[in-house]
>>> print(open('coords-v8.cif').read())   # mmCIF, C-alpha atoms and all ligand atoms
data_model
loop_
_atom_site.group_PDB
_atom_site.id
_atom_site.type_symbol
_atom_site.label_atom_id
_atom_site.label_comp_id
_atom_site.auth_asym_id
_atom_site.auth_seq_id
_atom_site.Cartn_x
_atom_site.Cartn_y
_atom_site.Cartn_z
ATOM 1 C CA MET A 1 -11.815 83.007 23.826
ATOM 2 C CA ARG A 2 -8.481 81.281 24.356
ATOM 3 C CA THR A 3 -5.745 82.364 21.990
ATOM 4 C CA PHE A 4 -2.611 80.449 21.110
ATOM 5 C CA ALA A 5 0.178 81.251 18.720
ATOM 6 C CA LEU A 6 2.188 78.217 17.714
ATOM 7 C CA ALA A 7 5.668 78.791 16.393
ATOM 8 C CA ALA A 8 7.987 76.300 14.748
ATOM 9 C CA PRO A 9 8.223 73.554 15.671
ATOM 10 C CA MET A 10 6.002 73.329 18.754
ATOM 11 C CA SER A 11 6.743 76.112 21.193
ATOM 12 C CA VAL A 12 3.449 77.494 22.412
ATOM 13 C CA PHE A 13 2.673 81.010 23.520
ATOM 14 C CA VAL A 14 -0.567 80.994 25.469
ATOM 15 C CA SER A 15 -2.539 84.118 26.284
ATOM 16 C CA ALA A 16 -5.367 83.574 28.738
ATOM 17 C CA LEU A 17 -6.904 86.964 27.925
ATOM 18 C CA ALA A 18 -9.198 87.747 25.022
ATOM 19 C CA VAL A 19 -6.486 89.711 23.246
ATOM 20 C CA PRO A 20 -5.642 88.950 19.617
ATOM 21 C CA ALA A 21 -2.450 86.897 19.590
ATOM 22 C CA LEU A 22 0.635 88.280 17.929
ATOM 23 C CA ALA A 23 1.958 85.295 16.047
ATOM 24 C CA ALA A 24 5.692 84.803 16.058
ATOM 25 C CA ASP A 25 7.076 85.753 12.638
ATOM 26 C CA ASP A 26 7.490 82.106 11.662
ATOM 27 C CA ALA A 27 4.194 80.842 13.127
ATOM 28 C CA PRO A 28 2.370 79.216 10.234
ATOM 29 C CA ALA A 29 -1.066 79.922 11.694
ATOM 30 C CA VAL A 30 -2.722 81.184 14.856
ATOM 31 C CA VAL A 31 -5.052 79.010 16.941
ATOM 32 C CA ASN A 32 -8.097 80.885 18.257
ATOM 33 C CA ILE A 33 -10.463 78.679 20.249
ATOM 34 C CA PRO A 34 -13.980 80.109 20.580
ATOM 35 C CA ALA A 35 -15.983 79.346 23.718
ATOM 36 C CA GLU A 36 -17.691 75.979 24.077
ATOM 37 C CA GLY A 37 -21.227 76.208 22.652
ATOM 38 C CA SER A 38 -20.527 79.350 20.603
ATOM 39 C CA VAL A 39 -20.521 77.585 17.212
ATOM 40 C CA SER A 40 -23.882 76.226 16.060
ATOM 41 C CA GLU A 41 -24.268 72.900 14.286
ATOM 42 C CA SER A 42 -25.089 74.660 11.007
ATOM 43 C CA GLN A 43 -21.975 76.837 11.316
ATOM 44 C CA GLY A 44 -20.022 73.630 12.019
ATOM 45 C CA LEU A 45 -21.443 72.071 8.853
ATOM 46 C CA GLU A 46 -20.482 75.153 6.832
ATOM 47 C CA ALA A 47 -16.945 74.906 8.232
ATOM 48 C CA PHE A 48 -16.864 71.206 7.305
ATOM 49 C CA GLN A 49 -17.922 72.001 3.724
ATOM 50 C CA ARG A 50 -14.786 74.170 3.396
ATOM 51 C CA ILE A 51 -12.672 71.447 5.085
ATOM 52 C CA TYR A 52 -14.009 69.010 2.479
ATOM 53 C CA GLU A 53 -13.111 71.383 -0.377
ATOM 54 C CA VAL A 54 -9.524 71.423 0.955
ATOM 55 C CA ALA A 55 -9.220 67.681 1.717
ATOM 56 C CA SER A 56 -10.652 66.667 -1.665
ATOM 57 C CA HIS A 57 -8.538 69.207 -3.572
ATOM 58 C CA PRO A 58 -5.792 67.610 -5.702
ATOM 59 C CA ARG A 59 -2.999 69.288 -3.669
ATOM 60 C CA CYS A 60 -4.164 67.290 -0.643
ATOM 61 C CA ALA A 61 -6.002 64.243 -2.048
ATOM 62 C CA ASN A 62 -3.299 63.206 -4.561
ATOM 63 C CA CYS A 63 -1.282 61.725 -1.651
ATOM 64 C CA HIS A 64 -4.229 60.622 0.500
ATOM 65 C CA VAL A 65 -4.995 57.609 -1.749
ATOM 66 C CA ASP A 66 -6.347 54.076 -1.296
ATOM 67 C CA ASP A 67 -4.686 50.677 -0.881
ATOM 68 C CA ARG A 68 -3.548 50.504 -4.508
ATOM 69 C CA ASN A 69 -0.763 52.758 -3.142
ATOM 70 C CA ILE A 70 -0.551 54.768 -6.376
ATOM 71 C CA PRO A 71 -0.178 58.564 -6.067
ATOM 72 C CA MET A 72 -2.404 60.580 -8.392
ATOM 73 C CA TRP A 73 -1.797 63.378 -10.848
ATOM 74 C CA SER A 74 -4.913 65.532 -11.070
ATOM 75 C CA GLY A 75 -6.199 69.071 -11.199
ATOM 76 C CA PRO A 76 -5.286 72.001 -13.461
ATOM 77 C CA SER A 77 -1.649 71.780 -14.683
ATOM 78 C CA TYR A 78 -1.925 67.963 -14.779
ATOM 79 C CA GLY A 79 -4.520 67.839 -17.580
ATOM 80 C CA GLU A 80 -6.622 64.701 -17.163
ATOM 81 C CA THR A 81 -6.838 62.843 -13.842
ATOM 82 C CA ARG A 82 -4.534 59.823 -13.956
ATOM 83 C CA PRO A 83 -2.194 57.678 -11.882
ATOM 84 C CA HIS A 84 1.293 59.149 -11.331
ATOM 85 C CA GLY A 85 3.376 58.828 -14.522
ATOM 86 C CA MET A 86 6.464 56.593 -14.863
ATOM 87 C CA ASN A 87 4.594 53.663 -13.322
ATOM 88 C CA ILE A 88 5.257 54.886 -9.780
ATOM 89 C CA LYS A 89 3.928 52.687 -6.962
ATOM 90 C CA ALA A 90 4.451 53.463 -3.294
ATOM 91 C CA GLY A 91 3.896 49.902 -2.039
ATOM 92 C CA GLU A 92 2.787 49.121 1.488
ATOM 93 C CA SER A 93 5.646 51.249 2.790
ATOM 94 C CA ARG A 94 3.877 54.234 1.148
ATOM 95 C CA ILE A 95 7.366 55.671 0.430
ATOM 96 C CA GLY A 96 8.229 53.436 -2.525
ATOM 97 C CA ALA A 97 10.792 51.415 -0.557
ATOM 98 C CA GLU A 98 9.834 48.246 -2.515
ATOM 99 C CA PHE A 99 10.068 50.021 -5.867
ATOM 100 C CA LEU A 100 11.592 53.418 -6.612
ATOM 101 C CA PRO A 101 11.727 55.593 -3.468
ATOM 102 C CA CYS A 102 9.774 58.832 -3.751
ATOM 103 C CA GLN A 103 12.863 60.674 -2.524
ATOM 104 C CA THR A 104 14.742 59.769 -5.707
ATOM 105 C CA CYS A 105 12.859 62.622 -7.359
ATOM 106 C CA HIS A 106 10.982 64.401 -4.571
ATOM 107 C CA ILE A 107 14.013 65.501 -2.565
ATOM 108 C CA THR A 108 13.647 67.006 0.909
ATOM 109 C CA SER A 109 14.284 70.728 0.641
ATOM 110 C CA ASP A 110 12.899 73.960 2.029
ATOM 111 C CA ASP A 111 13.290 75.535 -1.416
ATOM 112 C CA LEU A 112 10.184 75.349 -3.531
ATOM 113 C CA ASP A 113 10.581 73.733 -6.941
ATOM 114 C CA THR A 114 8.950 76.348 -9.158
ATOM 115 C CA GLU A 115 9.567 74.658 -12.542
ATOM 116 C CA PRO A 116 6.346 73.417 -14.176
ATOM 117 C CA HIS A 117 6.240 69.594 -14.297
ATOM 118 C CA ALA A 118 9.356 69.141 -12.126
ATOM 119 C CA SER A 119 8.994 66.964 -9.001
ATOM 120 C CA PRO A 120 7.494 69.047 -6.199
ATOM 121 C CA ARG A 121 9.320 68.971 -2.846
ATOM 122 C CA PHE A 122 9.041 70.202 0.714
ATOM 123 C CA GLY A 123 10.847 70.171 4.059
ATOM 124 C CA ILE A 124 10.111 66.594 5.164
ATOM 125 C CA GLU A 125 10.225 63.151 3.572
ATOM 126 C CA TRP A 126 7.851 62.847 0.604
ATOM 127 C CA GLN A 127 5.449 59.899 0.926
ATOM 128 C CA LEU A 128 1.818 58.888 0.646
ATOM 129 C CA ALA A 129 -0.441 59.433 3.645
ATOM 130 C CA PRO A 130 -1.237 56.235 5.614
ATOM 131 C CA VAL A 131 -3.843 54.214 3.723
ATOM 132 C CA GLU A 132 -6.594 54.729 6.337
ATOM 133 C CA PHE A 133 -6.437 58.502 5.654
ATOM 134 C CA VAL A 134 -7.845 58.048 2.135
ATOM 135 C CA TRP A 135 -9.494 61.144 0.632
ATOM 136 C CA PHE A 136 -9.065 60.742 -3.134
ATOM 137 C CA ASP A 137 -12.459 60.178 -4.790
ATOM 138 C CA LYS A 138 -14.255 60.098 -1.408
ATOM 139 C CA SER A 139 -17.499 61.967 -0.625
ATOM 140 C CA ALA A 140 -17.846 64.707 1.992
ATOM 141 C CA LEU A 141 -19.604 62.226 4.312
ATOM 142 C CA GLU A 142 -16.841 59.614 3.882
ATOM 143 C CA ILE A 143 -14.067 62.143 4.557
ATOM 144 C CA CYS A 144 -15.984 63.516 7.559
ATOM 145 C CA GLU A 145 -16.374 60.048 9.089
ATOM 146 C CA GLN A 146 -12.692 59.262 8.511
ATOM 147 C CA LEU A 147 -11.496 62.556 10.021
ATOM 148 C CA LYS A 148 -13.451 62.003 13.249
ATOM 149 C CA ASP A 149 -12.556 58.307 13.630
ATOM 150 C CA PRO A 150 -9.457 57.903 15.853
ATOM 151 C CA ASP A 151 -8.977 54.377 14.441
ATOM 152 C CA ARG A 152 -8.501 55.881 10.986
ATOM 153 C CA ASN A 153 -6.890 59.286 11.623
ATOM 154 C CA GLY A 154 -3.843 58.439 13.715
ATOM 155 C CA GLY A 155 -5.698 58.563 17.074
ATOM 156 C CA ARG A 156 -6.539 62.269 16.917
ATOM 157 C CA ASP A 157 -9.418 64.240 18.379
ATOM 158 C CA TRP A 158 -10.210 67.515 16.563
ATOM 159 C CA MET A 159 -7.538 69.396 18.510
ATOM 160 C CA GLY A 160 -5.097 66.668 17.459
ATOM 161 C CA LEU A 161 -5.994 67.404 13.824
ATOM 162 C CA VAL A 162 -5.369 71.113 14.429
ATOM 163 C CA ASP A 163 -2.008 70.268 16.041
ATOM 164 C CA HIS A 164 -1.103 68.142 13.035
ATOM 165 C CA LEU A 165 -1.862 70.996 10.623
ATOM 166 C CA ILE A 166 0.230 73.497 12.588
ATOM 167 C CA HIS A 167 3.075 71.084 13.272
ATOM 168 C CA ASP A 168 3.312 69.827 9.689
ATOM 169 C CA ALA A 169 3.172 73.408 8.359
ATOM 170 C CA SER A 170 5.913 74.496 10.787
ATOM 171 C CA LEU A 171 8.172 71.792 9.290
ATOM 172 C CA ASN A 172 7.402 73.071 5.764
ATOM 173 C CA GLY A 173 5.555 69.785 5.138
ATOM 174 C CA PRO A 174 2.676 69.001 2.765
ATOM 175 C CA VAL A 175 0.208 71.144 4.698
ATOM 176 C CA LEU A 176 2.205 74.331 4.014
ATOM 177 C CA TRP A 177 3.113 73.195 0.487
ATOM 178 C CA GLY A 178 -0.578 72.628 -0.433
ATOM 179 C CA TRP A 179 -1.214 76.365 -0.376
ATOM 180 C CA ASN A 180 2.083 77.174 -2.089
ATOM 181 C CA PRO A 181 2.826 74.275 -4.428
ATOM 182 C CA GLY A 182 4.943 76.050 -7.061
ATOM 183 C CA GLY A 183 5.305 74.989 -10.687
ATOM 184 C CA THR A 184 2.025 76.648 -11.802
ATOM 185 C CA ARG A 185 0.015 74.135 -9.739
ATOM 186 C CA GLU A 186 -3.318 75.346 -8.412
ATOM 187 C CA PRO A 187 -3.115 75.837 -4.610
ATOM 188 C CA ALA A 188 -5.690 74.309 -2.260
ATOM 189 C CA PRO A 189 -8.658 76.674 -1.699
ATOM 190 C CA TYR A 190 -8.939 79.268 1.097
ATOM 191 C CA SER A 191 -5.764 79.451 3.228
ATOM 192 C CA LEU A 192 -3.990 77.516 5.962
ATOM 193 C CA GLN A 193 -5.335 79.995 8.524
ATOM 194 C CA GLN A 194 -8.904 79.582 7.249
ATOM 195 C CA HIS A 195 -8.494 75.780 7.259
ATOM 196 C CA VAL A 196 -7.253 75.836 10.876
ATOM 197 C CA ASP A 197 -10.141 78.139 11.865
ATOM 198 C CA ASP A 198 -12.607 75.789 10.133
ATOM 199 C CA MET A 199 -11.157 72.689 11.829
ATOM 200 C CA ILE A 200 -11.590 74.407 15.215
ATOM 201 C CA ALA A 201 -15.142 75.618 14.441
ATOM 202 C CA TRP A 202 -16.110 72.127 13.254
ATOM 203 C CA GLY A 203 -14.584 70.631 16.430
ATOM 204 C CA ILE A 204 -16.286 73.056 18.822
ATOM 205 C CA ALA A 205 -19.600 72.374 17.033
ATOM 206 C CA GLY A 206 -19.210 68.659 17.854
ATOM 207 C CA GLN A 207 -17.823 67.472 14.474
ATOM 208 C CA PRO A 208 -21.170 67.324 12.614
ATOM 209 C CA CYS A 209 -21.159 65.435 9.290
ATOM 210 C CA PRO A 210 -23.141 66.172 6.116
ATOM 211 C CA THR A 211 -25.695 63.606 4.973
ATOM 212 C CA GLU A 212 -23.841 62.609 1.799
HETATM 213 C C1 LIG B 301 3.082 64.410 -0.264
HETATM 214 C C2 LIG B 301 1.966 63.730 0.303
HETATM 215 C C3 LIG B 301 0.922 64.512 1.113
HETATM 216 C C4 LIG B 301 0.218 65.611 0.705
HETATM 217 C C5 LIG B 301 0.346 66.353 -0.607
HETATM 218 C C6 LIG B 301 -0.685 65.939 1.782
HETATM 219 N N1 LIG B 301 -0.529 65.062 2.807
HETATM 220 FE FE1 LIG B 301 -1.613 65.046 4.549
HETATM 221 N N2 LIG B 301 -0.523 63.463 5.199
HETATM 222 C C7 LIG B 301 0.561 62.922 4.550
HETATM 223 C C8 LIG B 301 1.223 61.977 5.440
HETATM 224 C C9 LIG B 301 2.478 61.180 5.130
HETATM 225 C C10 LIG B 301 0.472 61.960 6.639
HETATM 226 C C11 LIG B 301 0.752 61.165 7.912
HETATM 227 C C12 LIG B 301 1.438 62.053 8.909
HETATM 228 C C13 LIG B 301 1.133 61.711 10.330
HETATM 229 O O1 LIG B 301 0.089 61.079 10.613
HETATM 230 O O2 LIG B 301 1.902 62.126 11.191
HETATM 231 C C14 LIG B 301 -0.626 62.899 6.449
HETATM 232 C C15 LIG B 301 -1.596 63.157 7.400
HETATM 233 C C16 LIG B 301 -2.514 64.190 7.339
HETATM 234 C C17 LIG B 301 -3.494 64.504 8.370
HETATM 235 C C18 LIG B 301 -3.706 63.701 9.657
HETATM 236 C C19 LIG B 301 -5.029 63.041 9.885
HETATM 237 C C20 LIG B 301 -5.847 62.517 8.773
HETATM 238 O O3 LIG B 301 -6.947 62.017 9.089
HETATM 239 O O4 LIG B 301 -5.499 62.622 7.579
HETATM 240 C C21 LIG B 301 -4.140 65.629 7.980
HETATM 241 C C22 LIG B 301 -5.254 66.360 8.728
HETATM 242 C C23 LIG B 301 -3.555 66.028 6.706
HETATM 243 N N3 LIG B 301 -2.591 65.116 6.334
HETATM 244 C C24 LIG B 301 -3.913 67.171 6.008
HETATM 245 C C25 LIG B 301 -3.434 67.493 4.736
HETATM 246 C C26 LIG B 301 -3.853 68.668 3.998
HETATM 247 C C27 LIG B 301 -4.852 69.706 4.514
HETATM 248 C C28 LIG B 301 -3.184 68.641 2.816
HETATM 249 C C29 LIG B 301 -3.231 69.644 1.696
HETATM 250 C C30 LIG B 301 -3.054 71.050 2.063
HETATM 251 C C31 LIG B 301 -2.346 67.426 2.812
HETATM 252 N N4 LIG B 301 -2.533 66.770 3.990
HETATM 253 C C32 LIG B 301 -1.525 67.033 1.759
HETATM 254 C C33 LIG B 301 0.960 63.152 3.248
HETATM 255 C C34 LIG B 301 0.461 64.178 2.452
HETATM 256 C C1 LIG B 302 11.075 59.324 -11.294
HETATM 257 C C2 LIG B 302 10.787 60.529 -10.526
HETATM 258 C C3 LIG B 302 9.643 60.409 -9.528
HETATM 259 C C4 LIG B 302 9.490 59.470 -8.528
HETATM 260 C C5 LIG B 302 10.378 58.297 -8.158
HETATM 261 C C6 LIG B 302 8.275 59.837 -7.825
HETATM 262 N N1 LIG B 302 7.728 60.968 -8.378
HETATM 263 FE FE1 LIG B 302 5.999 61.900 -7.789
HETATM 264 N N2 LIG B 302 6.236 63.314 -9.262
HETATM 265 C C7 LIG B 302 7.293 63.368 -10.145
HETATM 266 C C8 LIG B 302 7.125 64.512 -11.024
HETATM 267 C C9 LIG B 302 8.077 64.926 -12.151
HETATM 268 C C10 LIG B 302 5.922 65.130 -10.631
HETATM 269 C C11 LIG B 302 5.281 66.386 -11.231
HETATM 270 C C12 LIG B 302 4.610 66.053 -12.539
HETATM 271 C C13 LIG B 302 3.980 67.285 -13.200
HETATM 272 O O1 LIG B 302 3.911 68.352 -12.582
HETATM 273 O O2 LIG B 302 3.547 67.164 -14.355
HETATM 274 C C14 LIG B 302 5.391 64.351 -9.518
HETATM 275 C C15 LIG B 302 4.212 64.646 -8.854
HETATM 276 C C16 LIG B 302 3.696 63.901 -7.801
HETATM 277 C C17 LIG B 302 2.431 64.129 -7.148
HETATM 278 C C18 LIG B 302 1.409 65.178 -7.491
HETATM 279 C C19 LIG B 302 1.499 66.300 -6.504
HETATM 280 C C20 LIG B 302 0.456 67.362 -6.810
HETATM 281 O O3 LIG B 302 0.828 68.395 -7.382
HETATM 282 O O4 LIG B 302 -0.704 67.162 -6.499
HETATM 283 C C21 LIG B 302 2.300 63.205 -6.149
HETATM 284 C C22 LIG B 302 1.135 63.071 -5.189
HETATM 285 C C23 LIG B 302 3.472 62.397 -6.165
HETATM 286 N N3 LIG B 302 4.298 62.830 -7.187
HETATM 287 C C24 LIG B 302 3.720 61.377 -5.287
HETATM 288 C C25 LIG B 302 4.805 60.504 -5.367
HETATM 289 C C26 LIG B 302 5.045 59.439 -4.427
HETATM 290 C C27 LIG B 302 4.188 59.128 -3.209
HETATM 291 C C28 LIG B 302 6.174 58.798 -4.827
HETATM 292 C C29 LIG B 302 6.821 57.570 -4.245
HETATM 293 C C30 LIG B 302 5.977 56.411 -4.134
HETATM 294 C C31 LIG B 302 6.638 59.494 -6.035
HETATM 295 N N4 LIG B 302 5.785 60.530 -6.311
HETATM 296 C C32 LIG B 302 7.765 59.130 -6.759
HETATM 297 C C33 LIG B 302 8.364 62.483 -10.204
HETATM 298 C C34 LIG B 302 8.536 61.370 -9.399
#
>>> encode(input="coords-v8.cif", output="structure tokens")
Amino acid sequence: MRTFALAAPMSVFVSALAVPALAADDAPAVVNIPAEGSVSESQGLEAFQRIYEVASHPRCANCHVDDRNIPMWSGPSYGETRPHGMNIKAGESRIGAEFLPCQTCHITSDDLDTEPHASPRFGIEWQLAPVEFVWFDKSALEICEQLKDPDRNGGRDWMGLVDHLIHDASLNGPVLWGWNPGGTREPAPYSLQQHVDDMIAWGIAGQPCPTE
């Protein structure tokens, strides 16, 4: 087993021995890579099922939306599923540059906004995910195919996806916020650490996809 502890923003402590890594205090998650061939396809599929539950959860999917470029309000604390209130559109810029910039309300701040129904915020610029990364209303198979397609995931192999999760979390970006969204919002399921572990297990298993 190779063990890494990634601290903010990208300094890497690598231990070549099979010793549990001591994460730096501010490391958002630890990266433990099991040996090649040690994760079966069915274990990989189980890991993907949990990845799907995270990706399709409102705290993640509400920004990973299609080419209508409209963020969503959904999940407990939002009542019914509906387009973002106040007629918000993100436009092709995905940051609202053509309309009302997201940052007008979703300011960049490391302090969590804990007030119910106030604009959530985090440590980097608030914006929709690129349109190819669409998850909202997509099936497990569709999300699986997108996540393993470098043409639609920002050119990432599975380790690149893991790096994105750790890097984004270390900047207090949406990945960290999703498990700690404030304002009585329901967090994404499991935990960042579990999600990182699942992404690695799914990768080592050869990125198997469910049938539907
Ligand atoms: C506020 C909007 C927003 C939310 C909420 C959000 N994301 Fe994203 N996400 C983005 C943006 C913007 C990018 C593009 C960043 C990049 O590629 O460098 C992105 C890219 C990604 C990627 C890169 C590859 C791909 O295929 O999507 C992953 C993985 C990801 N997000 C995971 C998550 C997870 C997990 C959550 C929930 C815990 C989440 N995101 C919530 C905006 C968001
Ligand atoms: C006029 C202020 C305003 C602007 C501009 C704005 N938002 Fe929001 N947004 C809010 C408020 C307020 C909430 C929380 C509503 C609630 O909790 O009931 C919210 C919530 C959200 C959510 C739901 C997050 C979750 O909990 O799942 C997303 C996604 C979102 N906004 C994306 C955007 C994007 C992308 C833009 C820019 C295109 C944008 N918003 C522009 C005020 C704004």
>>> atom_distance(input="coords-v8.cif", atom1="atom C24 of ligand LIG 302 (chain B)", atom2="CA of Pro187 in chain A")
16.0 Å
>>> resolve_selection(input="coords-v8.cif", expression="the PyMOL selection byres (((not hetatm)) within 6 of (chain B and resi 302))", output="list in words")
Pro58, Arg59, Asn62, Cys63, Pro71, Met72, Trp73, Tyr78, Ile88, Lys89, Ala90, Ile95, Gly96, Leu100, Pro101, Cys102, Thr104, Cys105, Pro116, His117, Ala118, Ser119, Gln127 and Leu128 of chain A
>>> residues_around(input="coords-v8.cif", residues="Gly173 in chain A", least_positions_apart="3", cutoff="12 Å", atoms="all atoms listed in the file", output="ChimeraX atom specification")
/A:8-9,28,60,108-112,120-127,164-170,176-181
>>> write_last_selection(input="coords-v8.cif", atoms="C-alpha atoms", output="PDB file, keeping the file's coordinate frame")
ATOM      1  CA  ALA A   8       7.987  76.300  14.748  1.00  0.00           C
ATOM      2  CA  PRO A   9       8.223  73.554  15.671  1.00  0.00           C
ATOM      3  CA  PRO A  28       2.370  79.216  10.234  1.00  0.00           C
ATOM      4  CA  CYS A  60      -4.164  67.290  -0.643  1.00  0.00           C
ATOM      5  CA  THR A 108      13.647  67.006   0.909  1.00  0.00           C
ATOM      6  CA  SER A 109      14.284  70.728   0.641  1.00  0.00           C
ATOM      7  CA  ASP A 110      12.899  73.960   2.029  1.00  0.00           C
ATOM      8  CA  ASP A 111      13.290  75.535  -1.416  1.00  0.00           C
ATOM      9  CA  LEU A 112      10.184  75.349  -3.531  1.00  0.00           C
ATOM     10  CA  PRO A 120       7.494  69.047  -6.199  1.00  0.00           C
ATOM     11  CA  ARG A 121       9.320  68.971  -2.846  1.00  0.00           C
ATOM     12  CA  PHE A 122       9.041  70.202   0.714  1.00  0.00           C
ATOM     13  CA  GLY A 123      10.847  70.171   4.059  1.00  0.00           C
ATOM     14  CA  ILE A 124      10.111  66.594   5.164  1.00  0.00           C
ATOM     15  CA  GLU A 125      10.225  63.151   3.572  1.00  0.00           C
ATOM     16  CA  TRP A 126       7.851  62.847   0.604  1.00  0.00           C
ATOM     17  CA  GLN A 127       5.449  59.899   0.926  1.00  0.00           C
ATOM     18  CA  HIS A 164      -1.103  68.142  13.035  1.00  0.00           C
ATOM     19  CA  LEU A 165      -1.862  70.996  10.623  1.00  0.00           C
ATOM     20  CA  ILE A 166       0.230  73.497  12.588  1.00  0.00           C
ATOM     21  CA  HIS A 167       3.075  71.084  13.272  1.00  0.00           C
ATOM     22  CA  ASP A 168       3.312  69.827   9.689  1.00  0.00           C
ATOM     23  CA  ALA A 169       3.172  73.408   8.359  1.00  0.00           C
ATOM     24  CA  SER A 170       5.913  74.496  10.787  1.00  0.00           C
ATOM     25  CA  LEU A 176       2.205  74.331   4.014  1.00  0.00           C
ATOM     26  CA  TRP A 177       3.113  73.195   0.487  1.00  0.00           C
ATOM     27  CA  GLY A 178      -0.578  72.628  -0.433  1.00  0.00           C
ATOM     28  CA  TRP A 179      -1.214  76.365  -0.376  1.00  0.00           C
ATOM     29  CA  ASN A 180       2.083  77.174  -2.089  1.00  0.00           C
ATOM     30  CA  PRO A 181       2.826  74.275  -4.428  1.00  0.00           C
TER      31      PRO A 181
END
>>> atom_distance(input="coords-v8.cif", atom1="CA of Gln146 in chain A", atom2="CA of Gly75 in chain A")
23.0 Å
>>> atom_distance(input="coords-v8.cif", atom1="CA of Asp198 in chain A", atom2="CA of Thr184 in chain A")
26.4 Å
>>> residues_around(input="coords-v8.cif", residues="Tyr52 in chain A", least_positions_apart="2", cutoff="8 Å", atoms="all atoms listed in the file", output="PDB file with C-alpha atoms, keeping the file's coordinate frame")
ATOM      1  CA  PHE A  48     -16.864  71.206   7.305  1.00  0.00           C
ATOM      2  CA  GLN A  49     -17.922  72.001   3.724  1.00  0.00           C
ATOM      3  CA  ARG A  50     -14.786  74.170   3.396  1.00  0.00           C
ATOM      4  CA  VAL A  54      -9.524  71.423   0.955  1.00  0.00           C
ATOM      5  CA  ALA A  55      -9.220  67.681   1.717  1.00  0.00           C
ATOM      6  CA  SER A  56     -10.652  66.667  -1.665  1.00  0.00           C
ATOM      7  CA  ALA A 140     -17.846  64.707   1.992  1.00  0.00           C
ATOM      8  CA  ILE A 143     -14.067  62.143   4.557  1.00  0.00           C
ATOM      9  CA  CYS A 144     -15.984  63.516   7.559  1.00  0.00           C
TER      10      CYS A 144
END
>>> axis_aligned_box(input="coords-v8.cif", around="ligand LIG 301 (chain B)", padding_each_side="8 Å", output="JSON")
{"center_x": -1.9, "center_y": 66.1, "center_z": 5.3, "size_x": 26.0, "size_y": 26.0, "size_z": 27.8}
>>> closest_residue(input="coords-v8.cif", among="A:Glu98, A:Glu212, A:Asp66, A:Asp149", to="Pro83 in chain A", atoms="only C-alpha atoms")
A:Asp66
>>> residues_around(input="coords-v8.cif", residues="Pro76 in chain A", least_positions_apart="2", cutoff="8 Å", atoms="all atoms listed in the file", output="ChimeraX atom specification")
/A:74,78-79,185-186
>>> resolve_selection(input="coords-v8.cif", expression="the PyMOL selection byres (((chain A and resi 37) around 12) and not hetatm)", output="CSV table (one decimal) with C-alpha atoms, keeping the file's coordinate frame")
chain,number,residue,atom,x,y,z
A,1,MET,CA,-11.8,83.0,23.8
A,33,ILE,CA,-10.5,78.7,20.2
A,34,PRO,CA,-14.0,80.1,20.6
A,35,ALA,CA,-16.0,79.3,23.7
A,36,GLU,CA,-17.7,76.0,24.1
A,38,SER,CA,-20.5,79.4,20.6
A,39,VAL,CA,-20.5,77.6,17.2
A,40,SER,CA,-23.9,76.2,16.1
A,41,GLU,CA,-24.3,72.9,14.3
A,43,GLN,CA,-22.0,76.8,11.3
A,44,GLY,CA,-20.0,73.6,12.0
A,201,ALA,CA,-15.1,75.6,14.4
A,202,TRP,CA,-16.1,72.1,13.3
A,203,GLY,CA,-14.6,70.6,16.4
A,204,ILE,CA,-16.3,73.1,18.8
A,205,ALA,CA,-19.6,72.4,17.0
A,206,GLY,CA,-19.2,68.7,17.9
>>> closest_residue(input="coords-v8.cif", among="A:Asn32, A:Gln193, A:Asn87, A:Ser77", to="ligand LIG 301 (chain B)", atoms="all atoms listed in the file")
A:Gln193
>>> closest_residue(input="coords-v8.cif", among="A:Ala61, A:Ile200, A:Ile107, A:Met86", to="Gly160 in chain A", atoms="only C-alpha atoms")
A:Ile200
>>> closest_residue(input="coords-v8.cif", among="A:Pro189, A:Gly91, A:Gly182, A:Gly154", to="Asp113 in chain A", atoms="only C-alpha atoms")
A:Gly182
>>> closest_residue(input="coords-v8.cif", among="A:Arg68, A:His84, A:Lys138, A:Arg156", to="ligand LIG 301 (chain B)", atoms="all atoms listed in the file")
A:Arg156
>>> closest_residue(input="coords-v8.cif", among="A:Leu171, A:Leu45, A:Val30, A:Leu192", to="ligand LIG 301 (chain B)", atoms="all atoms listed in the file")
A:Leu192
>>> build_atoms(input="coords-v8.cif", residues="range 93-99 of chain A", atoms="N, CA and C atoms", output="tab-separated table (two decimals), keeping the file's coordinate frame")
chain	number	residue	atom	x	y	z
A	93	SER	N	4.83	50.30	2.02
A	93	SER	CA	5.65	51.25	2.79
A	93	SER	C	5.12	52.67	2.62
A	94	ARG	N	4.40	52.92	1.53
A	94	ARG	CA	3.88	54.23	1.15
A	94	ARG	C	5.00	55.22	0.79
A	95	ILE	N	6.26	54.78	0.82
A	95	ILE	CA	7.37	55.67	0.43
A	95	ILE	C	8.12	55.11	-0.78
A	96	GLY	N	7.59	54.01	-1.35
A	96	GLY	CA	8.23	53.44	-2.52
A	96	GLY	C	9.44	52.58	-2.22
A	97	ALA	N	9.60	52.17	-0.94
A	97	ALA	CA	10.79	51.42	-0.56
A	97	ALA	C	10.94	50.14	-1.39
A	98	GLU	N	9.80	49.52	-1.77
A	98	GLU	CA	9.83	48.25	-2.52
A	98	GLU	C	10.12	48.48	-4.00
A	99	PHE	N	9.96	49.73	-4.44
A	99	PHE	CA	10.07	50.02	-5.87
A	99	PHE	C	11.12	51.11	-6.06
